[in-house]
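Structure data follow from coords-v7.pdb (PDB, C-alpha atoms, pLDDT in the B column):
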```
ATOM      1  CA  ASP A   1      96.713  38.283  75.756  1.00 70.00           C
ATOM      2  CA  THR A   2      97.405  42.006  75.593  1.00 73.00           C
ATOM      3  CA  ALA A   3      94.301  43.940  76.668  1.00 93.00           C
ATOM      4  CA  VAL A   4      95.051  47.144  74.731  1.00 96.00           C
ATOM      5  CA  SER A   5      97.593  46.811  71.975  1.00 96.00           C
ATOM      6  CA  GLN A   6      98.879  49.588  69.790  1.00 96.00           C
ATOM      7  CA  THR A   7     101.244  49.481  66.862  1.00 96.00           C
ATOM      8  CA  PRO A   8     103.840  50.470  66.087  1.00 97.00           C
ATOM      9  CA  LYS A   9     105.730  50.916  69.345  1.00 95.00           C
ATOM     10  CA  TYR A  10     108.244  53.262  67.747  1.00 97.00           C
ATOM     11  CA  LEU A  11     107.782  55.501  64.745  1.00 97.00           C
ATOM     12  CA  VAL A  12     110.497  57.712  63.282  1.00 97.00           C
ATOM     13  CA  THR A  13     109.513  59.754  60.274  1.00 97.00           C
ATOM     14  CA  GLN A  14     110.333  62.909  58.395  1.00 97.00           C
ATOM     15  CA  MET A  15     108.419  66.154  58.526  1.00 97.00           C
ATOM     16  CA  GLY A  16     105.588  66.321  56.065  1.00 97.00           C
ATOM     17  CA  ASN A  17     104.912  62.589  56.020  1.00 97.00           C
ATOM     18  CA  ASP A  18     101.584  60.957  56.849  1.00 97.00           C
ATOM     19  CA  LYS A  19     101.462  58.147  59.405  1.00 97.00           C
ATOM     20  CA  SER A  20      98.949  56.013  61.233  1.00 98.00           C
ATOM     21  CA  ILE A  21      98.889  54.379  64.651  1.00 98.00           C
ATOM     22  CA  LYS A  22      96.578  51.463  65.276  1.00 97.00           C
ATOM     23  CA  CYS A  23      94.902  50.418  68.513  1.00 97.00           C
ATOM     24  CA  GLU A  24      92.864  47.388  69.419  1.00 97.00           C
ATOM     25  CA  GLN A  25      91.291  46.317  72.712  1.00 97.00           C
ATOM     26  CA  ASN A  26      89.975  42.873  73.607  1.00 96.00           C
ATOM     27  CA  LEU A  27      88.296  43.879  76.882  1.00 94.00           C
ATOM     28  CA  GLY A  28      84.850  44.490  75.444  1.00 93.00           C
ATOM     29  CA  HIS A  29      84.983  48.111  76.592  1.00 92.00           C
ATOM     30  CA  ASP A  30      82.644  50.613  74.983  1.00 90.00           C
ATOM     31  CA  THR A  31      84.915  53.654  75.146  1.00 91.00           C
ATOM     32  CA  MET A  32      88.354  54.228  73.631  1.00 94.00           C
ATOM     33  CA  TYR A  33      90.691  57.195  73.782  1.00 94.00           C
ATOM     34  CA  TRP A  34      93.806  58.744  72.337  1.00 95.00           C
ATOM     35  CA  TYR A  35      96.116  60.652  74.653  1.00 95.00           C
ATOM     36  CA  LYS A  36      99.300  62.565  73.872  1.00 95.00           C
ATOM     37  CA  GLN A  37     102.090  62.596  76.455  1.00 95.00           C
ATOM     38  CA  ASP A  38     104.699  65.291  75.996  1.00 93.00           C
ATOM     39  CA  SER A  39     108.306  65.332  77.120  1.00 91.00           C
ATOM     40  CA  LYS A  40     107.270  66.624  80.563  1.00 90.00           C
ATOM     41  CA  LYS A  41     104.954  63.607  80.992  1.00 91.00           C
ATOM     42  CA  PHE A  42     101.838  65.768  80.752  1.00 92.00           C
ATOM     43  CA  LEU A  43      98.852  63.768  79.477  1.00 92.00           C
ATOM     44  CA  LYS A  44      96.473  65.516  77.115  1.00 90.00           C
ATOM     45  CA  ILE A  45      93.314  63.885  75.872  1.00 90.00           C
ATOM     46  CA  MET A  46      92.832  64.131  72.136  1.00 93.00           C
ATOM     47  CA  PHE A  47      89.812  62.041  71.205  1.00 92.00           C
ATOM     48  CA  SER A  48      87.318  59.651  72.691  1.00 90.00           C
ATOM     49  CA  TYR A  49      84.925  57.264  70.995  1.00 91.00           C
ATOM     50  CA  ASN A  50      82.018  55.479  72.620  1.00 88.00           C
ATOM     51  CA  ASN A  51      80.808  52.520  70.624  1.00 86.00           C
ATOM     52  CA  LYS A  52      82.203  53.985  67.380  1.00 84.00           C
ATOM     53  CA  GLU A  53      80.741  57.443  68.041  1.00 87.00           C
ATOM     54  CA  LEU A  54      83.043  60.420  68.587  1.00 88.00           C
ATOM     55  CA  ILE A  55      82.252  61.929  71.991  1.00 84.00           C
ATOM     56  CA  ILE A  56      85.361  63.937  72.835  1.00 79.00           C
ATOM     57  CA  ASN A  57      87.219  65.981  70.261  1.00 79.00           C
ATOM     58  CA  GLU A  58      89.654  68.248  72.015  1.00 80.00           C
ATOM     59  CA  THR A  59      91.400  71.133  70.361  1.00 82.00           C
ATOM     60  CA  VAL A  60      93.986  69.396  68.256  1.00 89.00           C
ATOM     61  CA  PRO A  61      95.154  70.274  64.753  1.00 91.00           C
ATOM     62  CA  ASN A  62      92.859  68.898  62.091  1.00 91.00           C
ATOM     63  CA  ARG A  63      95.874  67.046  60.716  1.00 96.00           C
ATOM     64  CA  PHE A  64      94.951  64.454  63.363  1.00 96.00           C
ATOM     65  CA  SER A  65      92.018  62.282  62.413  1.00 95.00           C
ATOM     66  CA  PRO A  66      90.725  59.339  64.436  1.00 94.00           C
ATOM     67  CA  LYS A  67      88.807  56.451  62.949  1.00 94.00           C
ATOM     68  CA  SER A  68      86.869  53.753  64.763  1.00 94.00           C
ATOM     69  CA  PRO A  69      85.728  50.957  62.432  1.00 92.00           C
ATOM     70  CA  ASP A  70      84.221  49.072  65.387  1.00 92.00           C
ATOM     71  CA  LYS A  71      84.208  49.466  69.129  1.00 91.00           C
ATOM     72  CA  ALA A  72      87.322  47.329  69.539  1.00 95.00           C
ATOM     73  CA  HIS A  73      89.487  49.482  67.266  1.00 96.00           C
ATOM     74  CA  LEU A  74      90.510  53.112  67.285  1.00 96.00           C
ATOM     75  CA  ASN A  75      93.153  54.294  64.865  1.00 96.00           C
ATOM     76  CA  LEU A  76      94.885  57.648  64.633  1.00 97.00           C
ATOM     77  CA  HIS A  77      96.006  59.114  61.337  1.00 97.00           C
ATOM     78  CA  ILE A  78      98.306  62.100  61.231  1.00 97.00           C
ATOM     79  CA  ASN A  79      98.853  64.140  58.074  1.00 97.00           C
ATOM     80  CA  SER A  80     101.757  66.450  57.285  1.00 97.00           C
ATOM     81  CA  LEU A  81     103.735  65.613  60.395  1.00 97.00           C
ATOM     82  CA  GLU A  82     105.500  68.453  62.202  1.00 97.00           C
ATOM     83  CA  LEU A  83     108.391  68.490  64.666  1.00 96.00           C
ATOM     84  CA  GLY A  84     105.981  69.429  67.460  1.00 95.00           C
ATOM     85  CA  ASP A  85     104.041  66.220  66.951  1.00 96.00           C
ATOM     86  CA  SER A  86     106.925  64.274  68.486  1.00 97.00           C
ATOM     87  CA  ALA A  87     105.544  62.672  71.647  1.00 97.00           C
ATOM     88  CA  VAL A  88     104.286  59.407  73.051  1.00 97.00           C
ATOM     89  CA  TYR A  89     100.747  58.599  72.008  1.00 97.00           C
ATOM     90  CA  PHE A  90      98.672  56.343  74.219  1.00 97.00           C
ATOM     91  CA  CYS A  91      95.537  54.494  73.376  1.00 96.00           C
ATOM     92  CA  ALA A  92      93.229  53.546  76.248  1.00 95.00           C
ATOM     93  CA  SER A  93      89.854  51.964  76.820  1.00 94.00           C
ATOM     94  CA  SER A  94      87.369  52.106  79.679  1.00 90.00           C
ATOM     95  CA  GLN A  95      84.023  50.808  80.821  1.00 84.00           C
ATOM     96  CA  LEU A  96      82.125  53.226  83.071  1.00 75.00           C
ATOM     97  CA  TRP A  97      83.916  53.528  86.402  1.00 73.00           C
ATOM     98  CA  GLU A  98      86.448  50.757  85.975  1.00 78.00           C
ATOM     99  CA  GLY A  99      89.232  53.148  85.112  1.00 84.00           C
ATOM    100  CA  TYR A 100      91.351  53.238  82.011  1.00 90.00           C
ATOM    101  CA  THR A 101      93.375  50.398  80.582  1.00 93.00           C
ATOM    102  CA  PHE A 102      96.261  51.851  78.616  1.00 94.00           C
ATOM    103  CA  GLY A 103      98.272  50.521  75.743  1.00 95.00           C
ATOM    104  CA  SER A 104     102.053  50.570  75.986  1.00 94.00           C
ATOM    105  CA  GLY A 105     102.352  53.681  73.846  1.00 95.00           C
ATOM    106  CA  THR A 106     103.744  54.708  70.486  1.00 97.00           C
ATOM    107  CA  ARG A 107     106.826  56.901  70.588  1.00 96.00           C
ATOM    108  CA  LEU A 108     106.630  59.179  67.566  1.00 97.00           C
ATOM    109  CA  THR A 109     109.753  61.060  66.539  1.00 97.00           C
ATOM    110  CA  VAL A 110     109.534  63.534  63.717  1.00 97.00           C
ATOM    111  CA  VAL A 111     112.871  64.550  62.192  1.00 97.00           C
TER     112      VAL A 111
ATOM    113  CA  ALA B   1      84.786  71.979  85.977  1.00 68.00           C
ATOM    114  CA  GLN B   2      86.961  69.225  87.308  1.00 73.00           C
ATOM    115  CA  SER B   3      90.671  69.468  87.934  1.00 85.00           C
ATOM    116  CA  VAL B   4      93.447  67.631  89.697  1.00 92.00           C
ATOM    117  CA  THR B   5      96.477  69.122  91.428  1.00 94.00           C
ATOM    118  CA  GLN B   6      99.473  67.028  92.346  1.00 96.00           C
ATOM    119  CA  LEU B   7     101.757  68.848  94.748  1.00 91.00           C
ATOM    120  CA  GLY B   8     105.402  68.178  94.059  1.00 90.00           C
ATOM    121  CA  SER B   9     106.460  67.218  90.572  1.00 93.00           C
ATOM    122  CA  HIS B  10     109.442  65.353  92.052  1.00 96.00           C
ATOM    123  CA  VAL B  11     109.571  63.427  95.310  1.00 97.00           C
ATOM    124  CA  SER B  12     112.619  61.595  96.659  1.00 97.00           C
ATOM    125  CA  VAL B  13     112.533  59.107  99.499  1.00 97.00           C
ATOM    126  CA  SER B  14     115.031  56.688 100.961  1.00 97.00           C
ATOM    127  CA  GLU B  15     114.479  52.996 100.532  1.00 97.00           C
ATOM    128  CA  GLY B  16     112.313  51.799 103.415  1.00 97.00           C
ATOM    129  CA  ALA B  17     110.884  55.242 104.137  1.00 98.00           C
ATOM    130  CA  LEU B  18     107.267  56.315 103.910  1.00 98.00           C
ATOM    131  CA  VAL B  19     106.007  57.343 100.490  1.00 98.00           C
ATOM    132  CA  LEU B  20     103.453  60.166 100.403  1.00 98.00           C
ATOM    133  CA  LEU B  21     102.273  61.558  97.093  1.00 98.00           C
ATOM    134  CA  ARG B  22      99.707  64.332  97.295  1.00 97.00           C
ATOM    135  CA  CYS B  23      96.627  64.795  95.172  1.00 96.00           C
ATOM    136  CA  ASN B  24      93.868  67.369  95.524  1.00 95.00           C
ATOM    137  CA  TYR B  25      90.870  67.577  93.264  1.00 92.00           C
ATOM    138  CA  SER B  26      88.213  70.058  92.375  1.00 88.00           C
ATOM    139  CA  SER B  27      84.773  68.747  91.552  1.00 79.00           C
ATOM    140  CA  SER B  28      81.251  70.032  91.942  1.00 73.00           C
ATOM    141  CA  VAL B  29      79.848  66.511  92.190  1.00 75.00           C
ATOM    142  CA  PRO B  30      81.051  63.370  93.984  1.00 76.00           C
ATOM    143  CA  PRO B  31      84.170  62.290  92.176  1.00 83.00           C
ATOM    144  CA  TYR B  32      85.629  58.970  91.271  1.00 89.00           C
ATOM    145  CA  LEU B  33      89.358  59.003  91.964  1.00 92.00           C
ATOM    146  CA  PHE B  34      92.239  57.000  90.600  1.00 93.00           C
ATOM    147  CA  TRP B  35      95.981  56.625  90.910  1.00 96.00           C
ATOM    148  CA  TYR B  36      98.048  55.352  88.017  1.00 96.00           C
ATOM    149  CA  VAL B  37     101.723  54.421  87.844  1.00 97.00           C
ATOM    150  CA  GLN B  38     103.933  54.688  84.792  1.00 96.00           C
ATOM    151  CA  TYR B  39     107.241  52.857  84.798  1.00 94.00           C
ATOM    152  CA  PRO B  40     109.910  54.044  82.347  1.00 89.00           C
ATOM    153  CA  ASN B  41     108.991  53.430  78.719  1.00 86.00           C
ATOM    154  CA  GLN B  42     105.707  51.804  79.639  1.00 89.00           C
ATOM    155  CA  GLY B  43     102.036  52.659  79.592  1.00 91.00           C
ATOM    156  CA  LEU B  44     100.032  53.683  82.636  1.00 94.00           C
ATOM    157  CA  GLN B  45      98.832  51.007  85.023  1.00 94.00           C
ATOM    158  CA  LEU B  46      95.959  51.371  87.474  1.00 93.00           C
ATOM    159  CA  LEU B  47      97.206  51.317  91.084  1.00 96.00           C
ATOM    160  CA  LEU B  48      93.908  51.829  92.875  1.00 95.00           C
ATOM    161  CA  LYS B  49      90.580  53.588  92.646  1.00 92.00           C
ATOM    162  CA  TYR B  50      87.858  55.066  94.823  1.00 92.00           C
ATOM    163  CA  THR B  51      84.315  54.932  93.541  1.00 87.00           C
ATOM    164  CA  THR B  52      81.986  54.526  96.524  1.00 84.00           C
ATOM    165  CA  GLY B  53      82.078  52.931  99.957  1.00 86.00           C
ATOM    166  CA  ALA B  54      85.156  52.689 102.130  1.00 89.00           C
ATOM    167  CA  THR B  55      87.255  55.812 101.880  1.00 90.00           C
ATOM    168  CA  LEU B  56      90.540  53.977 102.479  1.00 95.00           C
ATOM    169  CA  VAL B  57      91.343  51.959  99.412  1.00 96.00           C
ATOM    170  CA  LYS B  58      94.151  49.491  98.944  1.00 96.00           C
ATOM    171  CA  GLY B  59      95.872  48.902  95.668  1.00 95.00           C
ATOM    172  CA  ILE B  60      98.626  46.864  94.161  1.00 94.00           C
ATOM    173  CA  ASN B  61     102.240  46.782  95.346  1.00 94.00           C
ATOM    174  CA  GLY B  62     101.346  47.844  98.915  1.00 96.00           C
ATOM    175  CA  PHE B  63      99.964  51.272  98.014  1.00 97.00           C
ATOM    176  CA  GLU B  64      96.850  52.757  99.542  1.00 97.00           C
ATOM    177  CA  ALA B  65      94.985  56.042  99.355  1.00 97.00           C
ATOM    178  CA  GLU B  66      92.336  57.741 101.459  1.00 95.00           C
ATOM    179  CA  PHE B  67      89.505  59.825 100.080  1.00 94.00           C
ATOM    180  CA  LYS B  68      88.951  62.855 102.318  1.00 94.00           C
ATOM    181  CA  LYS B  69      85.962  64.793 101.104  1.00 90.00           C
ATOM    182  CA  SER B  70      86.426  67.652 103.574  1.00 91.00           C
ATOM    183  CA  GLU B  71      89.970  68.189 102.320  1.00 92.00           C
ATOM    184  CA  THR B  72      89.208  67.312  98.677  1.00 92.00           C
ATOM    185  CA  SER B  73      92.235  65.065  98.785  1.00 95.00           C
ATOM    186  CA  PHE B  74      93.212  61.586  97.687  1.00 96.00           C
ATOM    187  CA  HIS B  75      96.817  61.181  98.801  1.00 97.00           C
ATOM    188  CA  LEU B  76      98.760  58.044  97.933  1.00 98.00           C
ATOM    189  CA  THR B  77     100.894  56.333 100.563  1.00 98.00           C
ATOM    190  CA  LYS B  78     103.093  53.313 101.028  1.00 98.00           C
ATOM    191  CA  PRO B  79     104.678  52.510 104.400  1.00 97.00           C
ATOM    192  CA  SER B  80     108.042  51.382 103.069  1.00 97.00           C
ATOM    193  CA  ALA B  81     109.508  52.419  99.719  1.00 97.00           C
ATOM    194  CA  HIS B  82     111.188  49.889  97.500  1.00 97.00           C
ATOM    195  CA  MET B  83     113.609  50.595  94.686  1.00 97.00           C
ATOM    196  CA  SER B  84     111.070  49.184  92.236  1.00 96.00           C
ATOM    197  CA  ASP B  85     108.604  51.937  93.198  1.00 97.00           C
ATOM    198  CA  ALA B  86     110.604  54.517  91.250  1.00 97.00           C
ATOM    199  CA  ALA B  87     108.198  55.698  88.568  1.00 97.00           C
ATOM    200  CA  GLU B  88     105.837  58.485  87.537  1.00 97.00           C
ATOM    201  CA  TYR B  89     102.545  58.601  89.426  1.00 98.00           C
ATOM    202  CA  PHE B  90      99.358  60.202  88.140  1.00 97.00           C
ATOM    203  CA  CYS B  91      96.219  61.080  90.041  1.00 96.00           C
ATOM    204  CA  ALA B  92      92.991  61.268  88.030  1.00 92.00           C
ATOM    205  CA  VAL B  93      89.382  62.247  88.652  1.00 89.00           C
ATOM    206  CA  SER B  94      86.267  61.266  86.770  1.00 84.00           C
ATOM    207  CA  VAL B  95      82.683  62.436  87.145  1.00 73.00           C
ATOM    208  CA  ASN B  96      79.309  62.005  85.496  1.00 64.00           C
ATOM    209  CA  THR B  97      79.437  59.299  82.888  1.00 60.00           C
ATOM    210  CA  GLY B  98      82.937  58.160  83.718  1.00 58.00           C
ATOM    211  CA  ASN B  99      83.887  58.553  80.095  1.00 67.00           C
ATOM    212  CA  GLN B 100      86.443  61.250  80.690  1.00 75.00           C
ATOM    213  CA  PHE B 101      89.219  61.314  83.223  1.00 82.00           C
ATOM    214  CA  TYR B 102      91.136  64.417  84.197  1.00 86.00           C
ATOM    215  CA  PHE B 103      94.768  63.714  84.986  1.00 91.00           C
ATOM    216  CA  GLY B 104      97.144  65.576  87.236  1.00 94.00           C
ATOM    217  CA  THR B 105     100.533  66.629  85.944  1.00 94.00           C
ATOM    218  CA  GLY B 106     102.268  63.675  87.557  1.00 96.00           C
ATOM    219  CA  THR B 107     104.795  63.154  90.343  1.00 97.00           C
ATOM    220  CA  SER B 108     108.121  61.518  89.654  1.00 97.00           C
ATOM    221  CA  LEU B 109     109.163  59.310  92.558  1.00 97.00           C
ATOM    222  CA  THR B 110     112.856  58.613  93.116  1.00 97.00           C
ATOM    223  CA  VAL B 111     113.913  56.007  95.655  1.00 97.00           C
ATOM    224  CA  ILE B 112     117.383  56.464  97.091  1.00 97.00           C
ATOM    225  CA  PRO B 113     119.255  53.329  98.163  1.00 95.00           C
TER     226      PRO B 113
END
```

Before we go any further, please render this structure as structure tokens.
Amino acid sequence: DTAVSQTPKYLVTQMGNDKSIKCEQNLGHDTMYWYKQDSKKFLKIMFSYNNKELIINETVPNRFSPKSPDKAHLNLHINSLELGDSAVYFCASSQLWEGYTFGSGTRLTVV
Amino acid sequence: AQSVTQLGSHVSVSEGALVLLRCNYSSSVPPYLFWYVQYPNQGLQLLLKYTTGATLVKGINGFEAEFKKSETSFHLTKPSAHMSDAAEYFCAVSVNTGNQFYFGTGTSLTVIP
């Protein structure tokens, strides 16, 4: 069983489109995250939810909107996609000091 | 504020040689420290972590790291590099609630046959 699964794995879309990435964890963790990894491998936190409550909302364009219907799911919706949004997006979950468990990533390419 | 510095964005070692990846942190409170590995086109995988107790921690794949408070360091080592160790390595620090981790910029390890 995959602990943190995100779909799709690859996403190629045109500028201006709206897309969503889904994430689910079956670890029973209370906290979930979205990270963006750029072409230089730099990891930037975007959002964090603890038990469906938004606790971290970093400075990202408001075209990015997270949604957590329950503590096992955290989805990311992106409106009006731009070229600069091309990156790998990682979902992760954690429980206190256990460390993160990451999904395998979604490679978003905007053309 | 917390931060993590990884010295050397690229490190190359010969197969069988010692691997040493450096990580220094800045934290005003006792930190919790982690190393993650990212193989090509994969997500990040936890290698090892220091929370409390023994300052020398052992992880998967023969890696270990030592927490040195006086040096604010948490360097990652492996006695003998293997070709399969080629990957990107990230050091991370967490404080307070443990709900947010601060990642270093990563070190790309190349293993030369």

Per residue of chain B within 10 Å of chain A, which atom pair is closest and at what distance in Å (one decimal), using all atoms listed in the file, listed by chain and increasing number, as JSON lines?
```
{"residue": "B:Tyr32", "atom": "CA", "partner": "A:Trp97", "partner_atom": "CA", "distance": 7.5}
{"residue": "B:Leu33", "atom": "CA", "partner": "A:Gly99", "partner_atom": "CA", "distance": 9.0}
{"residue": "B:Phe34", "atom": "CA", "partner": "A:Gly99", "partner_atom": "CA", "distance": 7.3}
{"residue": "B:Trp35", "atom": "CA", "partner": "A:Gly99", "partner_atom": "CA", "distance": 9.6}
{"residue": "B:Tyr36", "atom": "CA", "partner": "A:Tyr100", "partner_atom": "CA", "distance": 9.2}
{"residue": "B:Gln38", "atom": "CA", "partner": "A:Lys41", "partner_atom": "CA", "distance": 9.7}
{"residue": "B:Asn41", "atom": "CA", "partner": "A:Ser104", "partner_atom": "CA", "distance": 8.0}
{"residue": "B:Gln42", "atom": "CA", "partner": "A:Ser104", "partner_atom": "CA", "distance": 5.3}
{"residue": "B:Gly43", "atom": "CA", "partner": "A:Ser104", "partner_atom": "CA", "distance": 4.2}
{"residue": "B:Leu44", "atom": "CA", "partner": "A:Phe102", "partner_atom": "CA", "distance": 5.8}
{"residue": "B:Gln45", "atom": "CA", "partner": "A:Phe102", "partner_atom": "CA", "distance": 7.0}
{"residue": "B:Leu46", "atom": "CA", "partner": "A:Gly99", "partner_atom": "CA", "distance": 7.3}
{"residue": "B:Leu48", "atom": "CA", "partner": "A:Gly99", "partner_atom": "CA", "distance": 9.2}
{"residue": "B:Lys49", "atom": "CA", "partner": "A:Gly99", "partner_atom": "CA", "distance": 7.7}
{"residue": "B:Tyr50", "atom": "CA", "partner": "A:Trp97", "partner_atom": "CA", "distance": 9.4}
{"residue": "B:Thr51", "atom": "CA", "partner": "A:Trp97", "partner_atom": "CA", "distance": 7.3}
{"residue": "B:Glu88", "atom": "CA", "partner": "A:Lys41", "partner_atom": "CA", "distance": 8.4}
{"residue": "B:Phe90", "atom": "CA", "partner": "A:Leu43", "partner_atom": "CA", "distance": 9.4}
{"residue": "B:Ala92", "atom": "CA", "partner": "A:Gly99", "partner_atom": "CA", "distance": 9.4}
{"residue": "B:Val93", "atom": "CA", "partner": "A:Gly99", "partner_atom": "CA", "distance": 9.8}
{"residue": "B:Ser94", "atom": "CA", "partner": "A:Trp97", "partner_atom": "CA", "distance": 8.1}
{"residue": "B:Val95", "atom": "CA", "partner": "A:Trp97", "partner_atom": "CA", "distance": 9.0}
{"residue": "B:Asn96", "atom": "CA", "partner": "A:Leu96", "partner_atom": "CA", "distance": 9.5}
{"residue": "B:Thr97", "atom": "CA", "partner": "A:Leu96", "partner_atom": "CA", "distance": 6.6}
{"residue": "B:Gly98", "atom": "CA", "partner": "A:Leu96", "partner_atom": "CA", "distance": 5.0}
{"residue": "B:Asn99", "atom": "CA", "partner": "A:Leu96", "partner_atom": "CA", "distance": 6.4}
{"residue": "B:Gln100", "atom": "CA", "partner": "A:Ser48", "partner_atom": "CA", "distance": 8.2}
{"residue": "B:Phe101", "atom": "CA", "partner": "A:Gly99", "partner_atom": "CA", "distance": 8.4}
{"residue": "B:Tyr102", "atom": "CA", "partner": "A:Ile45", "partner_atom": "CA", "distance": 8.6}
{"residue": "B:Phe103", "atom": "CA", "partner": "A:Leu43", "partner_atom": "CA", "distance": 6.9}
{"residue": "B:Gly104", "atom": "CA", "partner": "A:Phe42", "partner_atom": "CA", "distance": 8.0}
{"residue": "B:Thr105", "atom": "CA", "partner": "A:Phe42", "partner_atom": "CA", "distance": 5.4}
{"residue": "B:Gly106", "atom": "CA", "partner": "A:Lys41", "partner_atom": "CA", "distance": 7.1}
{"residue": "B:Thr107", "atom": "CA", "partner": "A:Lys41", "partner_atom": "CA", "distance": 9.4}
{"residue": "B:Ser108", "atom": "CA", "partner": "A:Lys41", "partner_atom": "CA", "distance": 9.5}
```

Emit the selected residues as a tab-separated table (two decimals), in the frame of the given file, including C-alpha atoms.
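Saved the output as again-v1.tsv:
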```tsv
chain	number	residue	atom	x	y	z
B	32	TYR	CA	85.63	58.97	91.27
B	33	LEU	CA	89.36	59.00	91.96
B	34	PHE	CA	92.24	57.00	90.60
B	35	TRP	CA	95.98	56.62	90.91
B	36	TYR	CA	98.05	55.35	88.02
B	38	GLN	CA	103.93	54.69	84.79
B	41	ASN	CA	108.99	53.43	78.72
B	42	GLN	CA	105.71	51.80	79.64
B	43	GLY	CA	102.04	52.66	79.59
B	44	LEU	CA	100.03	53.68	82.64
B	45	GLN	CA	98.83	51.01	85.02
B	46	LEU	CA	95.96	51.37	87.47
B	48	LEU	CA	93.91	51.83	92.88
B	49	LYS	CA	90.58	53.59	92.65
B	50	TYR	CA	87.86	55.07	94.82
B	51	THR	CA	84.32	54.93	93.54
B	88	GLU	CA	105.84	58.48	87.54
B	90	PHE	CA	99.36	60.20	88.14
B	92	ALA	CA	92.99	61.27	88.03
B	93	VAL	CA	89.38	62.25	88.65
B	94	SER	CA	86.27	61.27	86.77
B	95	VAL	CA	82.68	62.44	87.14
B	96	ASN	CA	79.31	62.00	85.50
B	97	THR	CA	79.44	59.30	82.89
B	98	GLY	CA	82.94	58.16	83.72
B	99	ASN	CA	83.89	58.55	80.10
B	100	GLN	CA	86.44	61.25	80.69
B	101	PHE	CA	89.22	61.31	83.22
B	102	TYR	CA	91.14	64.42	84.20
B	103	PHE	CA	94.77	63.71	84.99
B	104	GLY	CA	97.14	65.58	87.24
B	105	THR	CA	100.53	66.63	85.94
B	106	GLY	CA	102.27	63.68	87.56
B	107	THR	CA	104.80	63.15	90.34
B	108	SER	CA	108.12	61.52	89.65
```

task = Please provide as an MDAnalysis selection string all residues within 6 Å of B:Lys78, with the sequence filter that same-chain residues fewer than 3 positions apart are discarded (counting all atoms listed in the file).
result = chainID B and resid 18:19 63

Selection dump of the PyMOL selection byres ((chain A and resi 60-64) around 12), as a ChimeraX atom specification = /A:16-21,34-36,44-47,56-59,65-67,75-82,84-85,89

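The nearest approach to B:Asp85 among the residues B:Val4, B:Val13, B:Val57, B:Ala65, with all atoms listed in the file taken into account, belongs to B:Val13.
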
inquiry  = What's the separation between atom CA of B:Ile112 and atom CA of B:Lys68, in Å to one decimal place?
reply    = 29.6 Å

Residue rebuild result stretch 63-67 of chain B, all heavy atoms as a PDB file, keeping the file's coordinate frame:
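selection-v9.pdb, written as the output of this step:
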```pdb
ATOM      1  N   PHE B  63     100.431  49.888  97.969  1.00 97.00           N
ATOM      2  CA  PHE B  63      99.964  51.272  98.014  1.00 97.00           C
ATOM      3  C   PHE B  63      98.523  51.353  98.522  1.00 97.00           C
ATOM      4  O   PHE B  63      97.734  50.431  98.329  1.00 97.00           O
ATOM      5  CB  PHE B  63     100.038  51.912  96.625  1.00 97.00           C
ATOM      6  CG  PHE B  63     101.428  52.284  96.205  1.00 97.00           C
ATOM      7  CD1 PHE B  63     102.212  51.405  95.470  1.00 97.00           C
ATOM      8  CD2 PHE B  63     101.963  53.522  96.554  1.00 97.00           C
ATOM      9  CE1 PHE B  63     103.496  51.738  95.093  1.00 97.00           C
ATOM     10  CE2 PHE B  63     103.246  53.879  96.176  1.00 97.00           C
ATOM     11  CZ  PHE B  63     104.020  52.982  95.440  1.00 97.00           C
ATOM     12  N   GLU B  64      98.218  52.464  99.148  1.00 97.00           N
ATOM     13  CA  GLU B  64      96.850  52.757  99.542  1.00 97.00           C
ATOM     14  C   GLU B  64      96.612  54.255  99.467  1.00 97.00           C
ATOM     15  O   GLU B  64      97.556  55.046  99.410  1.00 97.00           O
ATOM     16  CB  GLU B  64      96.524  52.212 100.928  1.00 97.00           C
ATOM     17  CG  GLU B  64      97.327  52.799 102.051  1.00 97.00           C
ATOM     18  CD  GLU B  64      96.970  52.146 103.389  1.00 97.00           C
ATOM     19  OE1 GLU B  64      96.678  50.931 103.423  1.00 97.00           O
ATOM     20  OE2 GLU B  64      96.966  52.878 104.405  1.00 97.00           O
ATOM     21  N   ALA B  65      95.340  54.628  99.425  1.00 97.00           N
ATOM     22  CA  ALA B  65      94.985  56.042  99.355  1.00 97.00           C
ATOM     23  C   ALA B  65      93.695  56.246 100.128  1.00 97.00           C
ATOM     24  O   ALA B  65      92.861  55.346 100.220  1.00 97.00           O
ATOM     25  CB  ALA B  65      94.804  56.487  97.904  1.00 97.00           C
ATOM     26  N   GLU B  66      93.532  57.427 100.686  1.00 95.00           N
ATOM     27  CA  GLU B  66      92.336  57.741 101.459  1.00 95.00           C
ATOM     28  C   GLU B  66      91.626  58.932 100.852  1.00 95.00           C
ATOM     29  O   GLU B  66      92.237  59.990 100.625  1.00 95.00           O
ATOM     30  CB  GLU B  66      92.686  58.035 102.912  1.00 95.00           C
ATOM     31  CG  GLU B  66      91.445  58.223 103.784  1.00 95.00           C
ATOM     32  CD  GLU B  66      91.753  58.285 105.259  1.00 95.00           C
ATOM     33  OE1 GLU B  66      92.945  58.385 105.620  1.00 95.00           O
ATOM     34  OE2 GLU B  66      90.796  58.223 106.056  1.00 95.00           O
ATOM     35  N   PHE B  67      90.352  58.747 100.578  1.00 94.00           N
ATOM     36  CA  PHE B  67      89.505  59.825 100.080  1.00 94.00           C
ATOM     37  C   PHE B  67      89.032  60.651 101.262  1.00 94.00           C
ATOM     38  O   PHE B  67      88.375  60.149 102.170  1.00 94.00           O
ATOM     39  CB  PHE B  67      88.316  59.241  99.330  1.00 94.00           C
ATOM     40  CG  PHE B  67      87.244  60.235  98.983  1.00 94.00           C
ATOM     41  CD1 PHE B  67      87.537  61.383  98.270  1.00 94.00           C
ATOM     42  CD2 PHE B  67      85.924  60.011  99.370  1.00 94.00           C
ATOM     43  CE1 PHE B  67      86.545  62.292  97.955  1.00 94.00           C
ATOM     44  CE2 PHE B  67      84.928  60.911  99.045  1.00 94.00           C
ATOM     45  CZ  PHE B  67      85.230  62.061  98.336  1.00 94.00           C
TER      46      PHE B  67
END
```
